[in-house]
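Student: start-v4.cif is reproduced below (mmCIF, C-alpha atoms).
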```cif
data_input
#
loop_
_atom_site.label_atom_id
_atom_site.label_comp_id
_atom_site.auth_asym_id
_atom_site.auth_seq_id
_atom_site.Cartn_x
_atom_site.Cartn_y
_atom_site.Cartn_z
CA MET A 1 112.16 86.88 123.63
CA SER A 2 112.88 83.87 121.44
CA ARG A 3 110.37 81.85 123.45
CA PHE A 4 107.61 83.91 121.84
CA SER A 5 109.06 84.08 118.33
CA GLY A 6 106.46 81.67 116.92
CA ARG A 7 103.59 83.73 118.30
CA LEU A 8 105.14 86.96 117.08
CA ARG A 9 105.73 85.55 113.58
CA GLU A 10 102.08 84.52 113.48
CA LEU A 11 101.00 88.04 114.49
CA SER A 12 103.36 89.60 111.96
CA GLU A 13 101.74 87.61 109.14
CA LYS A 14 98.28 88.76 110.18
CA LEU A 15 99.23 92.39 110.76
CA ASP A 16 98.85 93.96 107.33
CA LEU A 17 100.67 97.23 107.95
CA PRO A 18 103.65 99.00 106.38
CA GLN A 19 106.94 99.45 108.21
CA PRO A 20 107.87 100.93 110.67
CA ASP A 21 104.39 100.75 112.26
CA LYS A 22 104.34 96.97 112.08
CA SER A 23 107.74 96.62 113.78
CA HIS A 24 106.75 99.08 116.51
CA ILE A 25 103.57 97.16 117.33
CA LEU A 26 105.37 93.81 117.35
CA LEU A 27 108.14 95.22 119.52
CA GLU A 28 105.60 96.52 122.01
CA ILE A 29 103.79 93.18 122.15
CA ALA A 30 107.09 91.33 122.51
CA SER A 31 108.21 93.44 125.46
CA ASP A 32 104.82 93.05 127.17
CA LEU A 33 104.89 89.30 126.61
CA ASP A 34 108.30 89.14 128.17
CA ASP A 35 107.07 91.17 131.16
CA MET A 36 104.12 88.88 131.64
CA TYR A 37 106.34 85.83 131.44
CA ARG A 38 108.59 87.26 134.17
CA PHE A 39 105.55 88.11 136.29
CA TYR A 40 104.26 84.55 136.14
CA ARG A 41 107.72 83.14 136.77
CA GLU A 42 108.03 85.34 139.87
CA LYS A 43 104.68 83.97 141.03
CA GLY A 44 106.28 80.55 141.02
CA LEU A 45 105.00 79.08 137.78
CA GLY A 46 107.18 76.79 135.70
CA GLU A 47 108.67 77.97 132.42
CA GLU A 48 106.18 76.21 130.17
CA GLU A 49 103.20 77.29 132.23
CA ALA A 50 104.41 80.90 132.32
CA VAL A 51 104.83 80.98 128.53
CA LYS A 52 101.37 79.48 128.12
CA ARG A 53 99.72 81.96 130.52
CA ALA A 54 101.46 84.94 128.92
CA GLY A 55 100.31 83.77 125.48
CA GLU A 56 96.75 83.38 126.72
CA LYS A 57 96.77 86.82 128.27
CA LEU A 58 97.85 88.30 124.99
CA ASP A 59 94.91 86.82 123.14
CA LEU A 60 94.97 89.22 120.17
CA SER A 61 91.91 88.27 118.18
CA ASP A 62 91.53 88.85 114.44
CA GLU A 63 89.10 91.65 115.28
CA ALA A 64 91.67 93.37 117.50
CA LEU A 65 94.29 93.05 114.76
CA ARG A 66 91.86 94.53 112.25
CA GLU A 67 91.22 97.42 114.61
CA LEU A 68 94.96 98.02 114.95
CA VAL A 69 95.36 98.00 111.17
CA GLU A 70 92.50 100.48 110.80
CA ILE A 71 94.04 102.81 113.38
CA HIS A 72 97.46 102.82 111.71
CA GLU A 73 96.34 102.79 108.08
CA SER A 74 97.31 105.90 106.16
CA GLY A 75 94.65 108.11 104.61
CA MET A 76 95.80 107.25 101.09
CA ARG A 77 95.62 103.51 101.79
CA LYS A 78 92.14 103.88 103.25
CA LEU A 79 91.04 105.82 100.17
CA LEU A 80 92.50 103.23 97.80
CA GLY A 81 90.87 100.46 99.79
CA ARG A 82 87.53 102.22 99.59
CA ILE A 83 87.90 102.75 95.83
CA SER A 84 88.79 99.11 95.24
CA GLU A 85 85.89 98.01 97.43
CA GLN A 86 83.49 100.20 95.51
CA ALA A 87 84.80 99.35 92.06
CA ARG A 88 83.42 95.86 92.06
CA SER A 89 81.57 95.72 88.77
CA ARG A 90 83.54 94.99 85.60
CA TRP A 91 82.72 98.30 83.91
CA GLU A 92 83.62 100.28 86.99
CA ARG A 93 87.00 98.59 87.08
CA VAL A 94 87.58 99.23 83.37
CA LEU A 95 86.66 102.89 83.79
CA LEU A 96 88.92 103.22 86.81
CA ALA A 97 91.83 101.60 84.96
CA MET A 98 91.28 103.92 81.97
CA ALA A 99 91.22 106.97 84.21
CA VAL A 100 94.44 105.88 85.91
CA ILE A 101 96.16 105.23 82.56
CA LEU A 102 95.06 108.62 81.19
CA ILE A 103 96.25 110.47 84.28
CA ALA A 104 99.55 108.55 84.30
CA ALA A 105 100.11 109.19 80.59
CA TYR A 106 99.36 112.90 80.87
CA SER A 107 101.43 113.46 84.00
CA GLY A 108 104.23 111.28 82.61
CA ARG A 109 104.36 113.36 79.42
CA GLN A 110 104.49 116.54 81.47
CA LEU A 111 107.23 115.19 83.68
CA LEU A 112 109.32 114.01 80.76
CA SER A 113 109.04 117.36 79.02
CA ALA A 114 112.25 119.33 79.52
CA GLN A 115 110.29 122.58 79.34
CA LEU A 116 108.52 121.77 82.57
CA TYR A 117 111.82 122.09 84.42
CA ALA A 118 113.39 124.72 82.20
CA ARG A 119 110.50 127.12 82.65
CA ALA A 120 109.91 126.25 86.25
CA SER A 121 110.41 128.69 89.07
CA ARG A 122 113.86 128.97 90.65
CA PHE A 123 112.37 127.49 93.82
CA VAL A 124 111.79 124.12 92.18
CA CYS A 125 115.33 122.91 92.70
CA PRO A 126 115.51 123.73 96.44
CA ILE A 127 112.10 122.12 96.96
CA LEU A 128 113.19 119.03 95.06
CA ILE A 129 116.35 118.88 97.11
CA PHE A 130 114.34 119.02 100.36
CA ALA A 131 111.99 116.33 99.06
CA LEU A 132 114.99 114.28 98.12
CA ALA A 133 116.50 114.66 101.57
CA ALA A 134 113.21 113.50 103.12
CA LEU A 135 113.13 110.52 100.77
CA VAL A 136 116.69 109.59 101.69
CA VAL A 137 115.98 109.77 105.43
CA ARG A 138 112.85 107.65 104.99
CA ASN A 139 114.72 105.08 102.93
CA ILE A 140 117.50 104.85 105.45
CA ARG A 141 115.04 104.32 108.30
CA GLN A 142 113.05 101.70 106.43
CA ALA A 143 116.13 99.87 105.24
CA SER A 144 117.58 99.80 108.75
CA ILE A 145 114.33 98.31 110.10
CA ARG A 146 113.97 95.78 107.30
CA GLY A 147 117.63 94.98 107.33
CA LYS A 148 117.68 93.99 110.99
CA GLY A 149 118.57 90.36 111.15
CA ARG A 150 118.04 89.79 107.46
CA THR A 151 121.03 91.30 105.72
CA PRO A 152 124.54 91.32 107.12
CA PHE A 153 125.08 94.93 106.02
CA PRO A 154 121.84 96.85 106.53
CA ARG A 155 123.64 100.20 106.51
CA VAL A 156 125.33 99.42 103.21
CA SER A 157 122.04 98.36 101.65
CA ALA A 158 120.42 101.53 103.02
CA PHE A 159 123.19 103.58 101.46
CA PHE A 160 122.67 101.99 98.06
CA GLN A 161 118.92 102.43 98.27
CA SER A 162 119.39 106.09 99.10
CA PHE A 163 121.94 106.47 96.37
CA THR A 164 119.51 105.10 93.79
CA SER A 165 116.80 107.46 95.03
CA ILE A 166 119.18 110.41 94.81
CA ALA A 167 120.18 109.48 91.29
CA LEU A 168 116.61 109.07 90.09
CA ALA A 169 115.15 112.11 91.77
CA SER A 170 118.00 114.43 90.83
CA LEU A 171 117.72 113.72 87.11
CA PRO A 172 115.16 116.49 86.50
CA CYS A 173 117.17 118.92 88.64
CA ILE A 174 120.11 118.88 86.26
CA GLN A 175 119.37 121.91 84.18
CA PRO A 176 121.27 121.18 80.99
CA SER A 177 119.93 117.64 80.93
CA PRO A 178 120.40 115.63 77.71
CA LEU A 179 116.65 115.91 77.11
CA ALA A 180 116.74 119.71 77.40
CA ARG A 181 119.74 119.94 75.08
CA TRP A 182 118.03 117.72 72.55
CA ARG A 183 114.93 119.89 72.51
CA VAL A 184 117.02 123.04 72.12
CA SER A 185 118.91 121.58 69.18
CA ILE A 186 115.63 120.69 67.44
CA ARG A 187 114.39 124.24 67.89
CA ARG A 188 117.57 125.64 66.46
CA ARG A 189 117.22 123.51 63.37
CA THR A 190 113.59 124.49 62.67
CA PRO A 191 113.40 128.25 62.23
CA ALA A 192 110.11 129.97 63.02
CA ARG A 193 108.40 132.36 60.61
CA THR A 194 107.10 135.57 62.13
CA VAL A 195 104.24 137.80 60.96
CA SER A 196 106.66 139.99 59.04
CA GLY A 197 107.83 136.94 57.11
CA ALA A 198 111.41 136.98 58.44
CA TYR A 199 113.01 133.79 59.68
CA HIS A 200 114.43 133.66 63.19
CA PRO A 201 116.74 130.97 64.40
CA GLY A 202 114.39 129.21 66.78
CA THR A 203 111.73 130.48 69.14
CA LYS A 204 112.58 132.45 72.23
CA MET A 205 114.28 130.23 74.79
CA SER A 206 113.95 130.42 78.53
CA THR A 207 117.05 131.40 80.51
CA PRO A 208 118.20 127.97 81.72
CA LEU A 209 117.99 126.60 78.20
CA ILE A 210 120.01 129.53 76.89
CA TRP A 211 122.67 128.75 79.52
CA ALA A 212 122.52 125.13 78.50
CA SER A 213 122.90 125.87 74.81
CA GLY A 214 125.49 128.63 75.32
CA ARG A 215 123.60 131.06 73.01
CA SER A 216 121.92 134.38 73.62
CA ASN A 217 118.33 135.12 72.70
CA GLN A 218 119.22 137.91 70.35
CA MET B 219 87.75 113.44 119.56
CA VAL B 220 84.37 115.09 119.82
CA GLN B 221 82.11 113.51 122.39
CA HIS B 222 79.24 115.03 124.26
CA GLU B 223 78.02 112.26 126.54
CA ILE B 224 78.61 108.61 127.31
CA GLU B 225 76.75 106.68 124.66
CA PRO B 226 75.06 103.53 125.98
CA GLN B 227 75.66 101.85 122.60
CA SER B 228 79.41 101.96 123.04
CA MET B 229 79.61 101.54 126.80
CA THR B 230 82.41 98.97 126.81
CA ARG B 231 84.73 101.14 124.75
CA HIS B 232 84.00 104.23 126.89
CA CYS B 233 84.50 102.21 130.05
CA ASN B 234 87.86 100.80 128.90
CA GLU B 235 89.05 104.24 127.80
CA ALA B 236 88.00 105.77 131.12
CA LEU B 237 89.84 103.11 133.12
CA ILE B 238 93.03 103.52 131.11
CA LEU B 239 92.94 107.30 131.34
CA ALA B 240 92.23 107.13 135.08
CA ILE B 241 95.26 104.91 135.67
CA LEU B 242 97.46 107.11 133.50
CA SER B 243 96.37 110.15 135.53
CA GLY B 244 98.53 108.68 138.28
CA GLY B 245 101.65 108.70 136.10
CA GLU B 246 103.20 107.00 133.11
CA ARG B 247 102.80 103.26 132.61
CA HIS B 248 103.47 100.66 129.98
CA GLY B 249 100.77 98.43 128.48
CA TYR B 250 101.31 95.45 130.71
CA GLN B 251 101.41 97.60 133.86
CA LEU B 252 98.13 99.22 132.89
CA ALA B 253 96.35 95.90 132.49
CA LEU B 254 97.77 94.60 135.74
CA GLU B 255 96.92 97.71 137.75
CA ILE B 256 93.33 97.85 136.48
CA GLU B 257 92.92 94.22 137.47
CA GLU B 258 94.48 94.71 140.90
CA ARG B 259 92.66 97.91 141.79
CA SER B 260 89.29 96.49 140.79
CA GLY B 261 89.95 93.33 142.81
CA GLY B 262 89.80 91.27 139.61
CA PHE B 263 86.46 92.74 138.53
CA PHE B 264 87.90 94.32 135.38
CA THR B 265 90.22 92.02 133.51
CA PHE B 266 92.02 93.26 130.46
CA ASN B 267 93.52 91.03 127.90
CA HIS B 268 95.92 92.63 125.51
CA GLY B 269 93.59 91.99 122.61
CA THR B 270 91.41 94.79 123.93
CA LEU B 271 94.19 96.89 125.38
CA TYR B 272 96.37 97.59 122.32
CA PRO B 273 93.68 98.94 119.96
CA ILE B 274 92.41 101.25 122.73
CA LEU B 275 95.90 102.51 123.58
CA HIS B 276 96.80 103.12 119.95
CA LYS B 277 93.49 104.86 119.29
CA LEU B 278 93.96 107.15 122.29
CA GLU B 279 97.48 107.87 121.09
CA LYS B 280 96.25 108.71 117.61
CA ASP B 281 93.63 111.03 119.09
CA GLY B 282 96.40 112.83 120.97
CA LEU B 283 95.05 111.97 124.43
CA ILE B 284 98.04 109.88 125.43
CA LYS B 285 101.61 109.85 124.21
CA GLY B 286 103.75 106.78 123.81
CA ALA B 287 107.52 106.97 124.07
CA TRP B 288 110.13 104.27 123.71
CA LYS B 289 112.45 103.95 126.67
CA ARG B 290 115.52 101.81 126.85
CA GLU B 291 115.77 99.50 129.84
CA GLY B 292 119.04 97.70 129.94
CA PRO B 293 121.24 96.95 126.94
CA LYS B 294 118.73 94.98 124.86
CA ARG B 295 115.36 96.02 126.27
CA LYS B 296 113.04 98.68 124.97
CA ARG B 297 109.62 99.52 126.32
CA LYS B 298 106.80 101.75 125.19
CA ILE B 299 105.66 103.97 128.03
CA TYR B 300 102.38 105.82 127.85
CA ALA B 301 101.59 109.14 129.53
CA LEU B 302 98.64 111.51 129.45
CA THR B 303 98.94 114.60 127.28
CA ALA B 304 97.52 117.97 128.36
CA ARG B 305 94.53 117.28 126.13
CA GLY B 306 94.23 113.83 127.66
CA LYS B 307 94.12 115.32 131.17
CA ARG B 308 91.28 117.61 130.20
CA PHE B 309 89.49 114.72 128.52
CA ALA B 310 89.92 112.49 131.58
CA THR B 311 88.33 115.16 133.80
CA TRP B 312 85.46 115.60 131.36
CA GLN B 313 85.01 111.85 131.13
CA ARG B 314 84.80 111.43 134.91
CA ASP B 315 82.02 114.00 135.05
CA ALA B 316 80.27 112.40 132.10
CA TRP B 317 80.31 109.03 133.86
CA LYS B 318 78.83 110.64 136.99
CA ARG B 319 76.05 112.18 134.95
CA PHE B 320 75.46 108.86 133.23
CA PHE B 321 75.12 106.94 136.50
CA ASP B 322 72.96 109.65 138.06
CA ARG B 323 70.45 109.20 135.25
CA PHE B 324 70.82 105.45 135.37
CA PHE B 325 70.08 105.27 139.09
CA GLU B 326 67.23 107.73 138.80
CA ILE B 327 65.50 105.22 136.57
CA MET B 328 66.56 102.24 138.65
CA GLU B 329 65.34 103.75 141.90
CA GLU B 330 62.05 104.87 140.39
CA THR B 331 61.47 101.35 139.11
CA VAL B 332 62.33 99.76 142.47
CA THR B 333 60.10 102.14 144.46
#
```
Starting from the coordinates I provided, produce the structure as structure tokens.

Tutor:
Amino acid sequence: MSRFSGRLRELSEKLDLPQPDKSHILLEIASDLDDMYRFYREKGLGEEEAVKRAGEKLDLSDEALRELVEIHESGMRKLLGRISEQARSRWERVLLAMAVILIAAYSGRQLLSAQLYARASRFVCPILIFALAALVVRNIRQASIRGKGRTPFPRVSAFFQSFTSIALASLPCIQPSPLARWRVSIRRRTPARTVSGAYHPGTKMSTPLIWASGRSNQ
Amino acid sequence: MVQHEIEPQSMTRHCNEALILAILSGGERHGYQLALEIEERSGGFFTFNHGTLYPILHKLEKDGLIKGAWKREGPKRKRKIYALTARGKRFATWQRDAWKRFFDRFFEIMEETVT
């Protein structure tokens, strides 16, 4: 297959697709090229001529490559492409950037809030664990594809990638997280005044925070 | 894939799809085999270069009409084999009838013009 490596590298540069789709397409083309080469060799052609004929037969034009990219593009990527195509004027781009920043800031604040996890349903953790497992599997697959021929230890690099993902994604799952504890301690220090005028040591806490702080609500 | 008739505007695409589906009706094939068989069976009338073949195959696969599977051949060789799905079989039958209807209308006009 090395006789077509130049051609395949050229195609790889033009094929703007994420892994593993890109590798699958290139692998398919490579195996077909090899088949064609054998076919021409069996017909009695010399090595150079067979390589040339196989390359000609595979004439993948820019249009065909564009079609392949369109077919394999994900819905999200298509949407983003359409947005970026439409947002051509300066003001449209500024508005789009502002909207993205606002959404990111709001969702970031929500995500960083310990209450979001403390008051969340008990099903959040299992769902997060499943999502995490899916993320790990995806990372391992991608790393094994990217690692082929590039790193001497693709499995090790995949393991570390997965490990990082696990560490990052499991942070919110840890119920008595440092952030949650910090918020509880602030609440304890600032007593709330009720209608009757009596002071209570902190507002009512949700169950996981009570477990985390080791206090009862009463 | 919702199609009602063969559209004259996209004849080439319909024709290529029909040829590929017709060959796959005879059993599973890989990309290169498909191109070769179409060429051989048409006596060289239809020639497929892979530039046209891959986008069609991948589109048909995405539409669920054919299914591609990787098969290992030997220690270092892997090949993608395509086969018709149940939906693809139904579509191939529909498409054959649609082509017949298309040519019936076409020749009606042609014969009227000649006579």

Student: Expand the PyMOL selection byres ((chain B) within 6 of (chain A)) into the individual residues it matches in the shown file, reporting them as a ChimeraX atom specification.

Tutor: /B:250,267-269,273

Student: Could those selected residues go to a file with C-alpha atoms, as a compact mmCIF listing (two decimals), keeping the file's coordinate frame?

Tutor:
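The new file selection_29.txt reads:
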```
# COMPACT_ATOMS: atom_id res chain seq x y z
CA TYR B 250 101.31 95.45 130.71
CA ASN B 267 93.52 91.03 127.90
CA HIS B 268 95.92 92.63 125.51
CA GLY B 269 93.59 91.99 122.61
CA PRO B 273 93.68 98.94 119.96
```

Student: B:Lys318, B:Arg295, B:Arg308, B:His248: which is nearest Leu271 (chain B), counting all atoms listed in the file?

Tutor: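 Of B:Lys318, B:Arg295, B:Arg308, B:His248, the one nearest Leu271 (chain B), counting all atoms listed in the file, is B:His248.
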
Student: Might you spell out which residues the PyMOL selection byres ((chain B and resi 319-322) around 12) would select in the displayed file, as a PDB file with C-alpha atoms, in the coordinates of the input?

Tutor:
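Output file out_31.pdb is given in full below:
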```
ATOM      1  CA  HIS B 222      79.240 115.030 124.260  1.00  0.00           C
ATOM      2  CA  GLU B 223      78.020 112.260 126.540  1.00  0.00           C
ATOM      3  CA  ILE B 224      78.610 108.610 127.310  1.00  0.00           C
ATOM      4  CA  GLU B 225      76.750 106.680 124.660  1.00  0.00           C
ATOM      5  CA  PRO B 226      75.060 103.530 125.980  1.00  0.00           C
ATOM      6  CA  MET B 229      79.610 101.540 126.800  1.00  0.00           C
ATOM      7  CA  HIS B 232      84.000 104.230 126.890  1.00  0.00           C
ATOM      8  CA  CYS B 233      84.500 102.210 130.050  1.00  0.00           C
ATOM      9  CA  TRP B 312      85.460 115.600 131.360  1.00  0.00           C
ATOM     10  CA  GLN B 313      85.010 111.850 131.130  1.00  0.00           C
ATOM     11  CA  ARG B 314      84.800 111.430 134.910  1.00  0.00           C
ATOM     12  CA  ASP B 315      82.020 114.000 135.050  1.00  0.00           C
ATOM     13  CA  ALA B 316      80.270 112.400 132.100  1.00  0.00           C
ATOM     14  CA  TRP B 317      80.310 109.030 133.860  1.00  0.00           C
ATOM     15  CA  LYS B 318      78.830 110.640 136.990  1.00  0.00           C
ATOM     16  CA  ARG B 323      70.450 109.200 135.250  1.00  0.00           C
ATOM     17  CA  PHE B 324      70.820 105.450 135.370  1.00  0.00           C
ATOM     18  CA  PHE B 325      70.080 105.270 139.090  1.00  0.00           C
ATOM     19  CA  GLU B 326      67.230 107.730 138.800  1.00  0.00           C
ATOM     20  CA  ILE B 327      65.500 105.220 136.570  1.00  0.00           C
ATOM     21  CA  MET B 328      66.560 102.240 138.650  1.00  0.00           C
ATOM     22  CA  GLU B 329      65.340 103.750 141.900  1.00  0.00           C
TER      23      GLU B 329
END
```

Student: Near Gly286 (chain B), counting all atoms listed in the file, which residues have an atom at most 10 Å away, once you skip same-chain residues fewer than 6 positions from it, shown as a list in words?

Tutor: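 So the residues in contact are Glu246, Arg247, His248, Leu275, His276, Leu278, Glu279, Lys280, Arg297, Lys298, Ile299, Tyr300, Ala301, Leu302 and Thr303 of chain B.
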
Student: What would the file look like if the residues just selected were written as a tab-separated table (two decimals), in the coordinates of the input with C-alpha atoms?

Tutor:
```tsv
chain	number	residue	atom	x	y	z
B	246	GLU	CA	103.20	107.00	133.11
B	247	ARG	CA	102.80	103.26	132.61
B	248	HIS	CA	103.47	100.66	129.98
B	275	LEU	CA	95.90	102.51	123.58
B	276	HIS	CA	96.80	103.12	119.95
B	278	LEU	CA	93.96	107.15	122.29
B	279	GLU	CA	97.48	107.87	121.09
B	280	LYS	CA	96.25	108.71	117.61
B	297	ARG	CA	109.62	99.52	126.32
B	298	LYS	CA	106.80	101.75	125.19
B	299	ILE	CA	105.66	103.97	128.03
B	300	TYR	CA	102.38	105.82	127.85
B	301	ALA	CA	101.59	109.14	129.53
B	302	LEU	CA	98.64	111.51	129.45
B	303	THR	CA	98.94	114.60	127.28
```

Student: What does the distance between CA of Ser228 (chain B) and CA of Glu257 (chain B) come to in Å, to one decimal place?

Tutor: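 The value is 21.2 Å.
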
Student: Rounded to one decimal in Å, what is the spacing between CA of Gly44 (chain A) and CA of Gly292 (chain B)?

Tutor: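 One can read the CA of Gly44 (chain A) to CA of Gly292 (chain B) distance as 24.1 Å.
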
Student: Go ahead and compute the interatomic distance for CA of Trp288 (chain B) and CA of Ala240 (chain B), in Å to one decimal.

Tutor: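 Pair CA of Trp288 (chain B) / CA of Ala240 (chain B) returns 21.4 Å.
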
Student: From (107.7, 80.1, 129.3), in the file's coordinates, out to 9 Å: which residues are reached, counting all atoms listed in the file? Answer as a list in words.

Tutor: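 Residues found, by chain and rising number: Arg3, Phe4, Tyr37, Arg38, Tyr40, Arg41, Leu45, Gly46, Glu47, Glu48, Glu49, Ala50, Val51, Lys52, Arg53 and Ala54 of chain A.
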
Student: Please enclose the listed atoms of region 283-290 of chain B in an axis-aligned box, pad each side by 4 Å, and write out the centre and the three edge lengths in Å, rounded to one decimal, as lines of an AutoDock Vina configuration file.

Tutor:
```
center_x = 105.3
center_y = 106.9
center_z = 125.3
size_x = 28.5
size_y = 18.2
size_z = 11.1
```

Student: Given the file above and the PyMOL selection byres ((chain B and resi 305) around 10), which residues are selected, and can you give them as a ChimeraX atom specification?

Tutor: /B:281-284,302-304,306-310
